[in-house]
>>> print(open('structure-v1.cif').read())   # mmCIF, N, CA and C atoms
data_start
loop_
_atom_site.label_atom_id
_atom_site.label_comp_id
_atom_site.auth_asym_id
_atom_site.auth_seq_id
_atom_site.Cartn_x
_atom_site.Cartn_y
_atom_site.Cartn_z
N MET A 2 -13.81 -94.65 -56.58
CA MET A 2 -14.65 -95.81 -56.65
C MET A 2 -13.92 -96.96 -55.95
N ILE A 3 -14.65 -97.67 -55.15
CA ILE A 3 -14.12 -98.83 -54.45
C ILE A 3 -14.92 -100.04 -54.90
N VAL A 4 -14.26 -100.91 -55.65
CA VAL A 4 -14.89 -102.15 -56.11
C VAL A 4 -14.91 -103.10 -54.92
N GLU A 5 -16.06 -103.64 -54.61
CA GLU A 5 -16.25 -104.40 -53.38
C GLU A 5 -15.98 -105.89 -53.52
N SER A 6 -15.77 -106.35 -54.73
CA SER A 6 -15.50 -107.77 -54.94
C SER A 6 -14.82 -107.98 -56.29
N PRO A 7 -13.88 -108.92 -56.35
CA PRO A 7 -13.30 -109.25 -57.66
C PRO A 7 -14.26 -110.09 -58.50
N ASN A 8 -15.28 -110.61 -57.87
CA ASN A 8 -16.28 -111.43 -58.56
C ASN A 8 -17.40 -110.55 -59.10
N HIS A 9 -18.08 -111.07 -60.10
CA HIS A 9 -19.17 -110.32 -60.70
C HIS A 9 -20.41 -110.43 -59.81
N VAL A 10 -20.39 -109.66 -58.74
CA VAL A 10 -21.50 -109.61 -57.79
C VAL A 10 -22.01 -108.17 -57.82
N THR A 11 -23.30 -107.99 -57.99
CA THR A 11 -23.82 -106.64 -58.11
C THR A 11 -24.48 -106.13 -56.83
N ILE A 12 -24.74 -107.01 -55.87
CA ILE A 12 -25.46 -106.61 -54.67
C ILE A 12 -24.58 -106.82 -53.45
N PHE A 13 -24.36 -105.75 -52.69
CA PHE A 13 -23.46 -105.77 -51.54
C PHE A 13 -23.81 -106.87 -50.55
N ASP A 14 -25.08 -107.04 -50.24
CA ASP A 14 -25.45 -108.02 -49.22
C ASP A 14 -25.34 -109.47 -49.68
N GLU A 15 -24.94 -109.68 -50.94
CA GLU A 15 -24.62 -111.02 -51.41
C GLU A 15 -23.16 -111.40 -51.11
N LEU A 16 -22.38 -110.44 -50.68
CA LEU A 16 -20.97 -110.70 -50.40
C LEU A 16 -20.82 -111.48 -49.10
N PRO A 17 -19.81 -112.35 -49.02
CA PRO A 17 -19.54 -113.03 -47.75
C PRO A 17 -19.04 -112.03 -46.71
N ALA A 18 -19.24 -112.35 -45.45
CA ALA A 18 -18.85 -111.46 -44.36
C ALA A 18 -17.37 -111.08 -44.44
N THR A 19 -16.53 -112.00 -44.84
CA THR A 19 -15.09 -111.69 -44.93
C THR A 19 -14.82 -110.62 -45.98
N GLN A 20 -15.58 -110.64 -47.07
CA GLN A 20 -15.39 -109.64 -48.12
C GLN A 20 -15.93 -108.29 -47.66
N ILE A 21 -17.03 -108.29 -46.94
CA ILE A 21 -17.57 -107.03 -46.40
C ILE A 21 -16.57 -106.42 -45.43
N GLU A 22 -15.94 -107.25 -44.62
CA GLU A 22 -14.90 -106.75 -43.71
C GLU A 22 -13.77 -106.08 -44.48
N LEU A 23 -13.35 -106.68 -45.58
CA LEU A 23 -12.29 -106.07 -46.41
C LEU A 23 -12.73 -104.73 -46.97
N VAL A 24 -13.98 -104.64 -47.39
CA VAL A 24 -14.50 -103.37 -47.91
C VAL A 24 -14.46 -102.30 -46.82
N LEU A 25 -14.92 -102.64 -45.62
CA LEU A 25 -14.93 -101.67 -44.53
C LEU A 25 -13.51 -101.26 -44.14
N ARG A 26 -12.58 -102.20 -44.15
CA ARG A 26 -11.17 -101.88 -43.87
C ARG A 26 -10.60 -100.96 -44.96
N THR A 27 -11.04 -101.16 -46.19
CA THR A 27 -10.59 -100.29 -47.28
C THR A 27 -11.11 -98.87 -47.09
N PHE A 28 -12.39 -98.74 -46.72
CA PHE A 28 -12.93 -97.41 -46.41
C PHE A 28 -12.08 -96.74 -45.35
N ARG A 29 -11.82 -97.47 -44.28
CA ARG A 29 -11.04 -96.93 -43.16
C ARG A 29 -9.65 -96.48 -43.60
N ALA A 30 -8.97 -97.32 -44.37
CA ALA A 30 -7.62 -96.98 -44.83
C ALA A 30 -7.63 -95.73 -45.70
N ARG A 31 -8.61 -95.62 -46.60
CA ARG A 31 -8.68 -94.43 -47.46
C ARG A 31 -9.00 -93.19 -46.65
N ILE A 32 -9.91 -93.30 -45.69
CA ILE A 32 -10.27 -92.14 -44.87
C ILE A 32 -9.07 -91.69 -44.04
N ILE A 33 -8.35 -92.62 -43.46
CA ILE A 33 -7.15 -92.27 -42.68
C ILE A 33 -6.14 -91.57 -43.57
N ASP A 34 -5.93 -92.10 -44.77
CA ASP A 34 -4.98 -91.48 -45.70
C ASP A 34 -5.42 -90.08 -46.09
N LEU A 35 -6.69 -89.91 -46.41
CA LEU A 35 -7.20 -88.60 -46.80
C LEU A 35 -7.16 -87.61 -45.64
N HIS A 36 -7.31 -88.10 -44.42
CA HIS A 36 -7.27 -87.23 -43.23
C HIS A 36 -5.91 -86.54 -43.10
N ARG A 37 -4.87 -87.15 -43.63
CA ARG A 37 -3.53 -86.56 -43.57
C ARG A 37 -3.40 -85.32 -44.44
N ASP A 38 -4.26 -85.19 -45.43
CA ASP A 38 -4.24 -84.03 -46.31
C ASP A 38 -5.01 -82.90 -45.64
N LYS A 39 -4.30 -81.93 -45.13
CA LYS A 39 -4.92 -80.86 -44.34
C LYS A 39 -5.83 -79.95 -45.17
N ARG A 40 -5.82 -80.09 -46.48
CA ARG A 40 -6.74 -79.30 -47.31
C ARG A 40 -8.15 -79.85 -47.25
N LEU A 41 -8.28 -81.10 -46.85
CA LEU A 41 -9.58 -81.77 -46.86
C LEU A 41 -10.24 -81.71 -45.49
N ARG A 42 -11.55 -81.45 -45.47
CA ARG A 42 -12.29 -81.29 -44.22
C ARG A 42 -13.41 -82.31 -44.05
N TYR A 43 -13.82 -82.96 -45.12
CA TYR A 43 -14.99 -83.82 -45.05
C TYR A 43 -14.82 -84.99 -46.01
N VAL A 44 -15.13 -86.19 -45.53
CA VAL A 44 -15.08 -87.39 -46.36
C VAL A 44 -16.43 -88.08 -46.27
N MET A 45 -16.91 -88.55 -47.42
CA MET A 45 -18.18 -89.24 -47.44
C MET A 45 -18.06 -90.49 -48.30
N VAL A 46 -18.58 -91.59 -47.78
CA VAL A 46 -18.68 -92.84 -48.52
C VAL A 46 -20.16 -93.00 -48.87
N PHE A 47 -20.43 -93.33 -50.11
CA PHE A 47 -21.83 -93.53 -50.49
C PHE A 47 -21.94 -94.63 -51.52
N LYS A 48 -23.15 -95.09 -51.67
CA LYS A 48 -23.44 -96.18 -52.59
C LYS A 48 -24.74 -95.84 -53.32
N ASN A 49 -24.67 -95.78 -54.62
CA ASN A 49 -25.87 -95.65 -55.44
C ASN A 49 -26.26 -97.03 -55.90
N TYR A 50 -27.51 -97.35 -55.81
CA TYR A 50 -27.96 -98.66 -56.28
C TYR A 50 -29.09 -98.47 -57.27
N GLY A 51 -28.88 -98.88 -58.46
CA GLY A 51 -29.89 -98.77 -59.50
C GLY A 51 -29.80 -97.45 -60.25
N ARG A 52 -30.24 -97.47 -61.48
CA ARG A 52 -30.15 -96.27 -62.33
C ARG A 52 -30.94 -95.09 -61.76
N GLY A 53 -32.05 -95.36 -61.09
CA GLY A 53 -32.86 -94.28 -60.53
C GLY A 53 -32.14 -93.52 -59.44
N ALA A 54 -31.14 -94.16 -58.82
CA ALA A 54 -30.36 -93.50 -57.77
C ALA A 54 -29.09 -92.87 -58.33
N GLY A 55 -28.92 -92.95 -59.63
CA GLY A 55 -27.74 -92.35 -60.24
C GLY A 55 -26.58 -93.31 -60.40
N ALA A 56 -26.82 -94.60 -60.27
CA ALA A 56 -25.74 -95.58 -60.41
C ALA A 56 -25.10 -95.45 -61.79
N SER A 57 -23.81 -95.71 -61.84
CA SER A 57 -23.03 -95.48 -63.05
C SER A 57 -23.23 -96.53 -64.12
N GLY A 58 -23.79 -97.66 -63.80
CA GLY A 58 -23.91 -98.74 -64.75
C GLY A 58 -22.75 -99.72 -64.65
N PHE A 59 -21.80 -99.43 -63.76
CA PHE A 59 -20.70 -100.34 -63.49
C PHE A 59 -21.29 -101.55 -62.80
N THR A 60 -21.04 -102.76 -63.31
CA THR A 60 -21.80 -103.92 -62.88
C THR A 60 -21.29 -104.60 -61.62
N HIS A 61 -20.04 -104.39 -61.25
CA HIS A 61 -19.57 -104.97 -60.00
C HIS A 61 -20.10 -104.13 -58.84
N SER A 62 -20.34 -104.80 -57.70
CA SER A 62 -20.75 -104.06 -56.51
C SER A 62 -19.64 -103.07 -56.17
N HIS A 63 -20.00 -101.81 -55.98
CA HIS A 63 -19.00 -100.79 -55.67
C HIS A 63 -19.61 -99.66 -54.86
N SER A 64 -18.73 -98.94 -54.19
CA SER A 64 -19.10 -97.73 -53.45
C SER A 64 -18.23 -96.61 -53.97
N GLU A 65 -18.58 -95.41 -53.60
CA GLU A 65 -17.77 -94.26 -53.98
C GLU A 65 -17.40 -93.50 -52.72
N LEU A 66 -16.24 -92.89 -52.76
CA LEU A 66 -15.73 -92.12 -51.64
C LEU A 66 -15.28 -90.78 -52.19
N ILE A 67 -15.75 -89.70 -51.57
CA ILE A 67 -15.32 -88.37 -51.98
C ILE A 67 -14.78 -87.62 -50.77
N ALA A 68 -13.87 -86.71 -51.03
CA ALA A 68 -13.31 -85.85 -49.99
C ALA A 68 -13.45 -84.41 -50.46
N LEU A 69 -13.87 -83.55 -49.56
CA LEU A 69 -14.12 -82.15 -49.90
C LEU A 69 -13.29 -81.22 -49.03
N PRO A 70 -12.97 -80.03 -49.53
CA PRO A 70 -12.19 -79.08 -48.74
C PRO A 70 -13.03 -78.35 -47.68
N ALA A 71 -14.33 -78.55 -47.68
CA ALA A 71 -15.20 -77.90 -46.70
C ALA A 71 -16.29 -78.89 -46.29
N THR A 72 -16.76 -78.73 -45.05
CA THR A 72 -17.86 -79.55 -44.57
C THR A 72 -19.17 -78.94 -45.08
N PRO A 73 -20.02 -79.72 -45.71
CA PRO A 73 -21.30 -79.18 -46.20
C PRO A 73 -22.12 -78.58 -45.06
N ARG A 74 -22.81 -77.50 -45.36
CA ARG A 74 -23.58 -76.76 -44.36
C ARG A 74 -24.58 -77.66 -43.63
N ARG A 75 -25.26 -78.50 -44.35
CA ARG A 75 -26.27 -79.38 -43.73
C ARG A 75 -25.61 -80.30 -42.69
N ILE A 76 -24.43 -80.82 -43.00
CA ILE A 76 -23.71 -81.69 -42.07
C ILE A 76 -23.31 -80.90 -40.83
N LYS A 77 -22.81 -79.68 -41.03
CA LYS A 77 -22.46 -78.83 -39.88
C LYS A 77 -23.67 -78.60 -38.99
N ASP A 78 -24.81 -78.32 -39.60
CA ASP A 78 -26.03 -78.08 -38.83
C ASP A 78 -26.44 -79.33 -38.05
N GLU A 79 -26.34 -80.49 -38.67
CA GLU A 79 -26.70 -81.74 -37.98
C GLU A 79 -25.75 -82.01 -36.81
N LEU A 80 -24.46 -81.76 -37.01
CA LEU A 80 -23.50 -81.95 -35.92
C LEU A 80 -23.77 -80.99 -34.76
N THR A 81 -24.10 -79.75 -35.08
CA THR A 81 -24.42 -78.77 -34.05
C THR A 81 -25.65 -79.22 -33.26
N GLY A 82 -26.68 -79.68 -33.96
CA GLY A 82 -27.88 -80.17 -33.30
C GLY A 82 -27.60 -81.37 -32.41
N ALA A 83 -26.76 -82.28 -32.88
CA ALA A 83 -26.41 -83.46 -32.08
C ALA A 83 -25.65 -83.06 -30.82
N ARG A 84 -24.72 -82.11 -30.95
CA ARG A 84 -23.97 -81.64 -29.78
C ARG A 84 -24.91 -80.98 -28.76
N GLN A 85 -25.85 -80.19 -29.25
CA GLN A 85 -26.80 -79.53 -28.35
C GLN A 85 -27.65 -80.56 -27.61
N LEU A 86 -28.11 -81.57 -28.32
CA LEU A 86 -28.92 -82.61 -27.70
C LEU A 86 -28.10 -83.37 -26.65
N LEU A 87 -26.88 -83.73 -26.98
CA LEU A 87 -26.03 -84.43 -26.01
C LEU A 87 -25.72 -83.57 -24.80
N ARG A 88 -25.53 -82.29 -25.03
CA ARG A 88 -25.27 -81.37 -23.91
C ARG A 88 -26.46 -81.34 -22.97
N LEU A 89 -27.66 -81.30 -23.55
CA LEU A 89 -28.87 -81.29 -22.75
C LEU A 89 -29.02 -82.60 -21.96
N GLN A 90 -28.58 -83.70 -22.55
CA GLN A 90 -28.68 -85.00 -21.90
C GLN A 90 -27.49 -85.29 -20.99
N GLY A 91 -26.57 -84.35 -20.91
CA GLY A 91 -25.41 -84.54 -20.05
C GLY A 91 -24.42 -85.56 -20.56
N ALA A 92 -24.42 -85.77 -21.87
CA ALA A 92 -23.55 -86.81 -22.43
C ALA A 92 -22.49 -86.22 -23.37
N LEU A 93 -22.23 -84.92 -23.26
CA LEU A 93 -21.28 -84.30 -24.17
C LEU A 93 -19.89 -84.92 -24.06
N HIS A 94 -19.54 -85.46 -22.91
CA HIS A 94 -18.21 -86.06 -22.74
C HIS A 94 -17.99 -87.25 -23.67
N LEU A 95 -19.07 -87.76 -24.27
CA LEU A 95 -18.94 -88.89 -25.19
C LEU A 95 -18.40 -88.47 -26.56
N LEU A 96 -18.46 -87.18 -26.88
CA LEU A 96 -17.99 -86.72 -28.19
C LEU A 96 -16.48 -86.59 -28.22
#
>>> encode(input="structure-v1.cif", output="structure tokens")
Amino acid sequence: MIVESPNHVTIFDELPATQIELVLRTFRARIIDLHRDKRLRYVMVFKNYGRGAGASGFTHSHSELIALPATPRRIKDELTGARQLLRLQGALHLL
């Protein structure tokens, strides 16, 4: 869990730009650190908002970050499709 503000703010877009930048830098730092662990293959940052989305009830604005030892099949399929499309468009060198 990554708490996005020390203040009691529940909505991400209410944060000042400087605080959002800190949140994004925190995501980056955690992902870089997790990338060093060769057991891990996939990292995902997500945000649940509201109880209907499965939010935990934690009242500060926050995101969650998980790392898995395998890339989910759906993600692999999407990446394969994107590579095929880029190959067809002659833009594979961008990957």
>>> resolve_selection(input="structure-v1.cif", expression="the PyMOL selection byres (((chain A and resi 8-14 and name CA) around 6) and name CA)", output="ChimeraX atom specification")
/A:6-7,15-16,60-62
>>> select_by_dssp(input="structure-v1.cif", residues="chain A", states="alpha helix (DSSP H)", output="ChimeraX atom specification")
/A:18-36,74-89
>>> closest_residue(input="structure-v1.cif", among="A:Ile3, A:Pro17, A:Leu80, A:Ile33", to="Leu66 (chain A)", atoms="only N, CA and C atoms")
A:Ile3
>>> residues_around(input="structure-v1.cif", residues="His36 (chain A)", least_positions_apart="5", cutoff="12 Å", atoms="only C-alpha atoms", output="MDAnalysis selection string")
chainID A and resid 29:31 41:45 67:70
>>> closest_residue(input="structure-v1.cif", among="A:Lys77, A:Lys39, A:Arg26, A:Lys48", to="Glu65 (chain A)", atoms="only N, CA and C atoms")
A:Lys48
>>> atom_distance(input="structure-v1.cif", atom1="CA of Met2 (chain A)", atom2="CA of Ser64 (chain A)")
5.8 Å
>>> axis_aligned_box(input="structure-v1.cif", around="region 5-23 of chain A", padding_each_side="5 Å", output="lines of an AutoDock Vina configuration file")
center_x = -18.9
center_y = -108.3
center_z = -52.2
size_x = 23.2
size_y = 19.4
size_z = 27.0
>>> atom_distance(input="structure-v1.cif", atom1="atom C of Leu35 (chain A)", atom2="atom C of Ile76 (chain A)")
18.1 Å
>>> atom_distance(input="structure-v1.cif", atom1="atom N of Thr27 (chain A)", atom2="atom N of Asn49 (chain A)")
16.9 Å
